[in-house]
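Q: The structure is given below, and queries will be raised subsequently.
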Amino acid sequence: MHGKPLCLVCLQQVSVLKEYNIRRHYETHHSEKYDGLQGQLRRDKINELLAGLRKQQSTFIQSREVSEAAVKASYLIASEIALASKPYSDGDFVKRCMMKAAELVCPEKRQAFANISLTRNTVAERISELSADLDSQLKQRVKSFIAFSVAIDESTDITDVAQLAIFIRGVDETLTVTEEFLELVPMMDTTTAEDIFGSVVAALDRVGVDWSRAVSLATDGAPSMVGKKAGVATKFKDKVQALNRGDRFWTFHCILHQEALCCKSLKMDHVMEVVVRTVNFIRSRGLNHRQFDKLLSDSNITHSLPYHTEVRWLSRGAVLRHFFDLREEIGQFMEKKGKPVLELQSQEWLRDLAFLVDITEHLNNLNKMLQGRKKVVTQFSDNIHAFKLKLTLWEMQLANGNPAHFPCLRDVCVTRPDADMKRYKDKIAGLLREFEKRFQVFGELETEFSVFRSPFTVKASDLPVEIQLEIIDLQCDADLKGKFASV
């Protein structure tokens with residue numbers, strides 16, 4: 001054991017692996033008892049002692065493995081609790097559930113489950129250790145970044161404390177992309193550009209980034225973020241370019257936020273005001289809500305009206321869709337309450353509602369496509385470009401009175417085939433102009449995007465001088481071209 005001989009009788013280790021030392025130990029401690037055993041009896045006794053040793057060692061190994069498995073399970077469950085944003089005390093509830101299940105499914109394993117520690121303090125400690133480990137891993141990965149970008153967003157929580165969320169994405173020499181949430185910084189005092197910039201610098205310095213390798217910054221578009229003279233983006237860019245000798249640095253307004261702002265260009269408040277006012281009348285009063293749900297239940301309708309929340313952009317589409325589908329039931333209910341919605345009697349208003357439902361659903365689909373981890377800016381650019389082409393198509397079709405891609409509007413117009421679609425064509429044209437204005441940065445980056453998308457078809461003369469020769473060599477490499485085509 002551990003490179004030293006072990007006595008099978010007394011299980012003591014002999015200090016030196018030499019015949020003399022082993023013989024001396026035997027003659028001193030065991031010769032009187034075992035010298036009388038000869039031949040087969042001696043061999044049987046040795047095998048018996050050896051089997052006992054192996055059984056004892058196996059018990060220790062199994063016990064250690066069970067203990068290690070229990071600790072690992074404790075970490076895994078604590079991680080799930082953290083990811084689900086559940087309170088630490090839920091660990092005790094999970095433990096009770098596991099014990100109940102173990103008693104029915106595998107009672108012989110009950111003790112193994114009982115060994116998993118999930119007390120509140122243990123879960124807190126496990127999560128703290130996991131966080132420290134992830135932070136340590138991120139610091140190691142940051143050292144290998146050849147380029148990185150940062151995204152920041154400042155918002156106020158329910159306790160009126162401004163919270164600054166900082167994200168980082170970097171790529172190493174093997175083109176492995178790392179995307180992580182870096183830190184959530186509470187802004188306890190003012191939230192000026194200087195305050196936010198100082199917090200971002202402190203967070204990035206803490207993980208040890210090389211500032212000269214920063215290539216872009218994305219912000220939420222607030223004035224303190226994008227101010228040309230003293231905004232966070234300007235300060236960030238100046239700091240980076242002072243270290244990278246003036247290399248290009250890009251700043252972006254959050255793409256999802258831009259898309260949500262484009263929606264406001266539709267200017268259909270006369271529809272949203274009625275919808276929100278009606279929904280609030282039904283949902284904000286408990287009696288009204290119960291009575292409306294009873295009306296829907298009597299009609300075998302399982303879904304009700306959700307609230308509209310301004311900061312939850314996708315909720316707008318859900319509210320509009322449900323309102324449109326339940327417009328007859330809503331009209332009946334409001335009539336009974338003495339609060340008739342006169343707009344529901346207007347065909348023109350109903351067409352506006354139907355159009356808003358359809359276009360909001362299209363915008364929500366785009367919003368969902370722009371969400372998610374592990375995406376690159378070229379994918380966002382492609383999605384925006386595709387949506388602009390769709391807007392162009394819809395503008396042309398509506399100009400000809402064809403609401404082919406607007407099913408709600410098409411259903412409402414069945415009774416009025418002569419309905420004027422020009423006003424909706426103008427809405428689409430305005431939305432297209434807003435997209436062109438807000439996403440013009442993608443056009444400025446089209447050359448860089450083309451190299452990333454298809455390096456074998458781009459013109460070398462259109463690229464920066466420092467990579468022109470390398471691109472030519474790449475485009476003439478048949479093996480690489482074949483591998484690229486097969487990906």
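The chains in the structure tokens are called A, B, ... from first to last as shown; in each chain the residues are counted from 1, and the ligands are counted from 1 in the order shown.
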Report as JSON, numbers by chain: the residues of segment 10-223 of chain A with a DSSP assignment of strand (DSSP E or B), based on the backbone of this structure.

A: {"A": [13, 147, 148, 149, 150, 151, 152, 153, 154, 155, 156, 162, 163, 164, 165, 166, 167, 168, 169, 170, 171, 177, 178, 179, 180, 181, 182, 183, 184, 185, 186, 187, 214, 215, 216, 217, 218, 219]}

Q: Quote the spacing between atom CA of Val161 of chain A and atom CA of Leu184 of chain A in Å to one decimal place.

A: 11.8 Å

Q: Give me the residues near Lys235 of chain A as a list of chain:residue names, where near means some atom within 12 Å (using only C-alpha atoms) and where sequence neighbours in that chain fewer than 4 positions away do not count.

A: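 Counting only C-alpha atoms, the residues come to A:Ala193, A:Glu194, A:Asp195, A:Ile196, A:Phe197, A:Gly198, A:Val200, A:Val201, A:Leu217, A:Ser224, A:Met225, A:Val226, A:Gly227, A:Lys228, A:Lys229, A:Ala230, A:Gly231, A:Lys239, A:Val240, A:Gln241, A:Ala242, A:Phe249, A:Thr251.
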
Q: I'd like the neighbourhood of Ala114 of chain A as a list in words, where a residue qualifies if any of its atoms comes within 12 Å (using only C-alpha atoms), though same-chain residues fewer than 3 positions away should be ignored.

A: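 The residues satisfying every condition are Val66, Ser67, Ala69, Ala70, Val71, Ala73, Ser74, Asp92, Val94, Lys95, Arg96, Cys97, Met98, Met99, Lys100, Ala101, Ala102, Glu103, Pro107, Glu108, Lys109, Arg110, Gln111, Ser117, Leu118 and Thr119 of chain A.
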
Q: How about saving the chosen residues, N, CA, C and O atoms kept, as a compact mmCIF listing (two decimals), in the first residue's frame?

A:
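What landed in again_4.txt:
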```
# COMPACT_ATOMS: atom_id res chain seq x y z
N VAL A 66 -19.27 6.62 -2.57
CA VAL A 66 -20.62 7.07 -2.20
C VAL A 66 -20.57 8.48 -1.65
O VAL A 66 -21.41 9.34 -1.98
N SER A 67 -19.58 8.77 -0.82
CA SER A 67 -19.45 10.11 -0.24
C SER A 67 -19.17 11.15 -1.32
O SER A 67 -19.76 12.23 -1.31
N ALA A 69 -19.95 10.91 -4.51
CA ALA A 69 -21.16 11.05 -5.33
C ALA A 69 -22.19 11.94 -4.64
O ALA A 69 -22.88 12.74 -5.29
N ALA A 70 -22.31 11.82 -3.31
CA ALA A 70 -23.26 12.65 -2.57
C ALA A 70 -22.88 14.12 -2.64
O ALA A 70 -23.74 14.99 -2.81
N VAL A 71 -21.59 14.40 -2.54
CA VAL A 71 -21.13 15.79 -2.63
C VAL A 71 -21.37 16.34 -4.03
O VAL A 71 -21.82 17.47 -4.20
N ALA A 73 -23.64 15.34 -6.17
CA ALA A 73 -25.08 15.56 -6.33
C ALA A 73 -25.52 16.83 -5.64
O ALA A 73 -26.38 17.57 -6.15
N SER A 74 -24.92 17.14 -4.49
CA SER A 74 -25.24 18.36 -3.78
C SER A 74 -24.90 19.59 -4.61
O SER A 74 -25.68 20.55 -4.69
N ASP A 92 -34.04 21.92 1.11
CA ASP A 92 -34.67 21.01 2.08
C ASP A 92 -35.90 20.34 1.47
O ASP A 92 -36.15 19.15 1.69
N VAL A 94 -36.41 19.76 -1.75
CA VAL A 94 -35.93 18.79 -2.73
C VAL A 94 -35.46 17.52 -2.03
O VAL A 94 -35.72 16.40 -2.49
N LYS A 95 -34.77 17.69 -0.90
CA LYS A 95 -34.28 16.53 -0.14
C LYS A 95 -35.45 15.66 0.33
O LYS A 95 -35.40 14.42 0.21
N ARG A 96 -36.50 16.28 0.84
CA ARG A 96 -37.65 15.50 1.30
C ARG A 96 -38.30 14.74 0.16
O ARG A 96 -38.70 13.58 0.31
N CYS A 97 -38.39 15.38 -1.00
CA CYS A 97 -38.97 14.71 -2.17
C CYS A 97 -38.12 13.52 -2.58
O CYS A 97 -38.65 12.45 -2.93
N MET A 98 -36.80 13.68 -2.59
CA MET A 98 -35.90 12.59 -2.96
C MET A 98 -36.04 11.42 -1.99
O MET A 98 -36.05 10.25 -2.39
N MET A 99 -36.15 11.70 -0.70
CA MET A 99 -36.26 10.64 0.30
C MET A 99 -37.57 9.88 0.12
O MET A 99 -37.60 8.64 0.24
N LYS A 100 -38.67 10.59 -0.15
CA LYS A 100 -39.95 9.92 -0.38
C LYS A 100 -39.88 9.01 -1.61
O LYS A 100 -40.37 7.88 -1.60
N ALA A 101 -39.24 9.51 -2.67
CA ALA A 101 -39.11 8.72 -3.89
C ALA A 101 -38.20 7.51 -3.67
O ALA A 101 -38.49 6.41 -4.17
N ALA A 102 -37.12 7.72 -2.93
CA ALA A 102 -36.19 6.61 -2.67
C ALA A 102 -36.86 5.49 -1.88
O ALA A 102 -36.59 4.31 -2.13
N GLU A 103 -37.71 5.83 -0.93
CA GLU A 103 -38.40 4.81 -0.13
C GLU A 103 -39.27 3.91 -0.99
O GLU A 103 -39.43 2.72 -0.70
N PRO A 107 -35.52 1.38 -1.91
CA PRO A 107 -35.32 1.54 -0.47
C PRO A 107 -33.93 1.16 0.00
O PRO A 107 -33.45 1.68 1.01
N GLU A 108 -33.25 0.26 -0.75
CA GLU A 108 -31.90 -0.12 -0.36
C GLU A 108 -30.90 1.01 -0.57
O GLU A 108 -29.80 1.00 0.00
N LYS A 109 -31.25 2.02 -1.36
CA LYS A 109 -30.38 3.17 -1.62
C LYS A 109 -30.77 4.39 -0.79
O LYS A 109 -30.24 5.49 -1.02
N ARG A 110 -31.67 4.20 0.16
CA ARG A 110 -32.17 5.34 0.91
C ARG A 110 -31.05 6.10 1.62
O ARG A 110 -31.04 7.33 1.64
N GLN A 111 -30.10 5.38 2.18
CA GLN A 111 -29.02 6.03 2.91
C GLN A 111 -28.15 6.88 1.99
O GLN A 111 -27.64 7.93 2.39
N SER A 117 -26.33 16.46 1.28
CA SER A 117 -26.62 17.61 2.13
C SER A 117 -27.20 18.75 1.30
O SER A 117 -26.57 19.23 0.35
N LEU A 118 -28.42 19.18 1.66
CA LEU A 118 -29.09 20.26 0.93
C LEU A 118 -29.70 21.28 1.88
O LEU A 118 -30.74 21.87 1.59
N THR A 119 -29.08 21.49 3.01
CA THR A 119 -29.57 22.52 3.92
C THR A 119 -29.38 23.90 3.29
O THR A 119 -28.62 24.06 2.33
```

Q: Could you give me the residues within segment 357-398 of chain A that DSSP places in alpha helix (DSSP H), as a ChimeraX atom specification?

A: /A:357-369,377-398

Q: For the residues selected in the previous step, produce a file with N, CA, C and O atoms as a short mmCIF file (atom, residue, chain, number, x, y, z; two decimals), in the first residue's frame.

A:
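again_33.cif was written with the following content:
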```cif
data_model
loop_
_atom_site.label_atom_id
_atom_site.label_comp_id
_atom_site.auth_asym_id
_atom_site.auth_seq_id
_atom_site.Cartn_x
_atom_site.Cartn_y
_atom_site.Cartn_z
N VAL A 357 -52.58 43.61 -35.08
CA VAL A 357 -52.34 42.24 -34.59
C VAL A 357 -51.35 41.52 -35.49
O VAL A 357 -50.39 40.89 -35.03
N ASP A 358 -51.58 41.60 -36.79
CA ASP A 358 -50.72 40.88 -37.75
C ASP A 358 -49.29 41.42 -37.77
O ASP A 358 -48.33 40.65 -37.70
N ILE A 359 -49.15 42.73 -37.87
CA ILE A 359 -47.80 43.29 -37.97
C ILE A 359 -47.03 43.11 -36.66
O ILE A 359 -45.82 42.88 -36.66
N THR A 360 -47.75 43.17 -35.53
CA THR A 360 -47.09 42.94 -34.24
C THR A 360 -46.62 41.50 -34.12
O THR A 360 -45.56 41.21 -33.57
N GLU A 361 -47.41 40.58 -34.67
CA GLU A 361 -47.00 39.17 -34.64
C GLU A 361 -45.75 38.96 -35.50
O GLU A 361 -44.84 38.22 -35.11
N HIS A 362 -45.68 39.62 -36.65
CA HIS A 362 -44.48 39.53 -37.49
C HIS A 362 -43.27 40.11 -36.74
O HIS A 362 -42.17 39.54 -36.78
N LEU A 363 -43.48 41.23 -36.08
CA LEU A 363 -42.38 41.86 -35.33
C LEU A 363 -41.95 40.99 -34.15
O LEU A 363 -40.75 40.91 -33.84
N ASN A 364 -42.90 40.35 -33.49
CA ASN A 364 -42.55 39.46 -32.38
C ASN A 364 -41.76 38.25 -32.86
O ASN A 364 -40.85 37.77 -32.18
N ASN A 365 -42.11 37.73 -34.03
CA ASN A 365 -41.35 36.61 -34.59
C ASN A 365 -39.91 37.03 -34.86
O ASN A 365 -38.97 36.26 -34.60
N LEU A 366 -39.73 38.23 -35.37
CA LEU A 366 -38.38 38.74 -35.59
C LEU A 366 -37.65 38.90 -34.26
O LEU A 366 -36.47 38.54 -34.13
N ASN A 367 -38.37 39.42 -33.26
CA ASN A 367 -37.76 39.60 -31.94
C ASN A 367 -37.25 38.28 -31.38
O ASN A 367 -36.15 38.20 -30.83
N LYS A 368 -38.03 37.21 -31.53
CA LYS A 368 -37.62 35.90 -31.03
C LYS A 368 -36.40 35.37 -31.79
O LYS A 368 -35.53 34.72 -31.21
N MET A 369 -36.34 35.65 -33.09
CA MET A 369 -35.19 35.21 -33.88
C MET A 369 -33.91 35.92 -33.45
O MET A 369 -32.81 35.36 -33.57
N VAL A 377 -23.06 38.65 -35.01
CA VAL A 377 -23.73 39.83 -35.56
C VAL A 377 -24.19 39.61 -37.00
O VAL A 377 -25.17 40.21 -37.44
N THR A 378 -23.51 38.73 -37.74
CA THR A 378 -23.94 38.48 -39.12
C THR A 378 -25.31 37.82 -39.15
O THR A 378 -26.10 38.05 -40.08
N GLN A 379 -25.62 37.01 -38.15
CA GLN A 379 -26.95 36.40 -38.09
C GLN A 379 -28.01 37.47 -37.83
O GLN A 379 -29.08 37.44 -38.45
N PHE A 380 -27.71 38.40 -36.94
CA PHE A 380 -28.64 39.51 -36.71
C PHE A 380 -28.84 40.32 -37.98
O PHE A 380 -29.96 40.70 -38.32
N SER A 381 -27.73 40.59 -38.66
CA SER A 381 -27.81 41.37 -39.89
C SER A 381 -28.66 40.66 -40.94
O SER A 381 -29.49 41.29 -41.61
N ASP A 382 -28.49 39.35 -41.07
CA ASP A 382 -29.28 38.59 -42.04
C ASP A 382 -30.76 38.62 -41.68
O ASP A 382 -31.62 38.76 -42.56
N ASN A 383 -31.08 38.50 -40.39
CA ASN A 383 -32.47 38.53 -39.96
C ASN A 383 -33.12 39.88 -40.25
O ASN A 383 -34.26 39.96 -40.71
N ILE A 384 -32.38 40.95 -39.96
CA ILE A 384 -32.90 42.30 -40.23
C ILE A 384 -33.07 42.52 -41.72
O ILE A 384 -34.09 43.08 -42.18
N HIS A 385 -32.08 42.09 -42.51
CA HIS A 385 -32.16 42.25 -43.96
C HIS A 385 -33.37 41.49 -44.52
O HIS A 385 -34.10 42.01 -45.39
N ALA A 386 -33.57 40.27 -44.04
CA ALA A 386 -34.71 39.48 -44.50
C ALA A 386 -36.03 40.17 -44.15
O ALA A 386 -36.97 40.18 -44.96
N PHE A 387 -36.11 40.75 -42.95
CA PHE A 387 -37.35 41.41 -42.56
C PHE A 387 -37.60 42.65 -43.40
O PHE A 387 -38.76 42.95 -43.75
N LYS A 388 -36.55 43.37 -43.76
CA LYS A 388 -36.74 44.55 -44.63
C LYS A 388 -37.25 44.13 -46.01
O LYS A 388 -38.08 44.83 -46.61
N LEU A 389 -36.77 42.99 -46.51
CA LEU A 389 -37.28 42.50 -47.80
C LEU A 389 -38.75 42.10 -47.67
O LEU A 389 -39.54 42.31 -48.60
N LYS A 390 -39.12 41.53 -46.52
CA LYS A 390 -40.53 41.19 -46.30
C LYS A 390 -41.39 42.45 -46.26
O LYS A 390 -42.49 42.47 -46.82
N LEU A 391 -40.87 43.50 -45.61
CA LEU A 391 -41.63 44.75 -45.57
C LEU A 391 -41.84 45.32 -46.97
O LEU A 391 -42.92 45.84 -47.30
N THR A 392 -40.81 45.21 -47.81
CA THR A 392 -40.94 45.68 -49.19
C THR A 392 -42.02 44.89 -49.92
O THR A 392 -42.83 45.47 -50.68
N LEU A 393 -42.03 43.57 -49.72
CA LEU A 393 -43.06 42.73 -50.36
C LEU A 393 -44.44 43.10 -49.85
O LEU A 393 -45.39 43.24 -50.65
N TRP A 394 -44.60 43.26 -48.54
CA TRP A 394 -45.91 43.58 -47.97
C TRP A 394 -46.40 44.96 -48.45
O TRP A 394 -47.59 45.14 -48.71
N GLU A 395 -45.47 45.88 -48.56
CA GLU A 395 -45.85 47.22 -49.05
C GLU A 395 -46.43 47.13 -50.46
O GLU A 395 -47.46 47.75 -50.76
N MET A 396 -45.80 46.36 -51.31
CA MET A 396 -46.27 46.21 -52.69
C MET A 396 -47.62 45.50 -52.73
O MET A 396 -48.53 45.90 -53.47
N GLN A 397 -47.75 44.45 -51.92
CA GLN A 397 -49.01 43.69 -51.93
C GLN A 397 -50.17 44.52 -51.39
O GLN A 397 -51.28 44.49 -51.94
N LEU A 398 -49.93 45.27 -50.29
CA LEU A 398 -51.01 46.08 -49.73
C LEU A 398 -51.38 47.22 -50.67
O LEU A 398 -52.55 47.64 -50.71
#
```

Q: Using only C-alpha atoms, pick whichever of A:Ala151, A:Ile146, A:Ile22, A:Leu182 has the shortest atom-to-atom distance to Phe252 of chain A.

A: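 Looking only at the distances to Phe252 of chain A, the closest residue turns out to be A:Ala151.
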
Q: Could you build a table of the residues in segment 254-307 of chain A lying no more than 12 Å from segment 416-431 of chain A, giving for each the nearest pair of atoms and their separation in Å rounded to one decimal place, using only C-alpha atoms, ordered by chain and ascending residue number, as a tab-separated table?

A:
```
residue	atom	partner	partner_atom	distance
A:Glu259	CA	A:Leu431	CA	10.3
A:Ala260	CA	A:Leu431	CA	11.4
A:Leu261	CA	A:Leu431	CA	10.3
A:Cys262	CA	A:Leu431	CA	6.6
A:Cys263	CA	A:Leu431	CA	7.3
A:Lys264	CA	A:Leu431	CA	8.8
A:Ser265	CA	A:Leu431	CA	6.1
A:Leu266	CA	A:Lys427	CA	5.9
A:Lys267	CA	A:Lys427	CA	8.5
A:Met268	CA	A:Lys427	CA	9.4
```

Q: Return the single residue from A:Val271, A:Leu164, A:Val171, A:Val465 that is closest to Ser144 of chain A, with distances computed using only C-alpha atoms.

A: A:Val171

Q: Do you know which residues are at most 12 Å from Ile166 of chain A counting only C-alpha atoms, after dropping those on the same chain fewer than 4 positions away, and could you put them as a list in words?

A: Ser149, Val150, Ala151, Ile152, Asp153, Glu154, Ser155, Glu179, Glu180, Phe181, Leu182, Glu183, Leu184, Val185, Pro186, Ile196, Phe197, Ser199, Val200, Val201, Ala202, Ala203, Leu204, Leu217, Ala218, Thr219 and Asp220 of chain A

Q: Could you tell me how far atom CA of Ala233 of chain A lies from atom CA of Val376 of chain A, in Å and to one decimal?

A: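 Distance between the two atoms: 20.4 Å.
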
Q: Neighbouring residues of Val142 of chain A were defined as those with any atom within 12 Å, considering only C-alpha atoms; residues of the same chain fewer than 2 positions away were excluded. Please report them as a PyMOL selection string.

A: chain A and resi 135-140+144-149+168-173+176-180+182+204-211+213-214
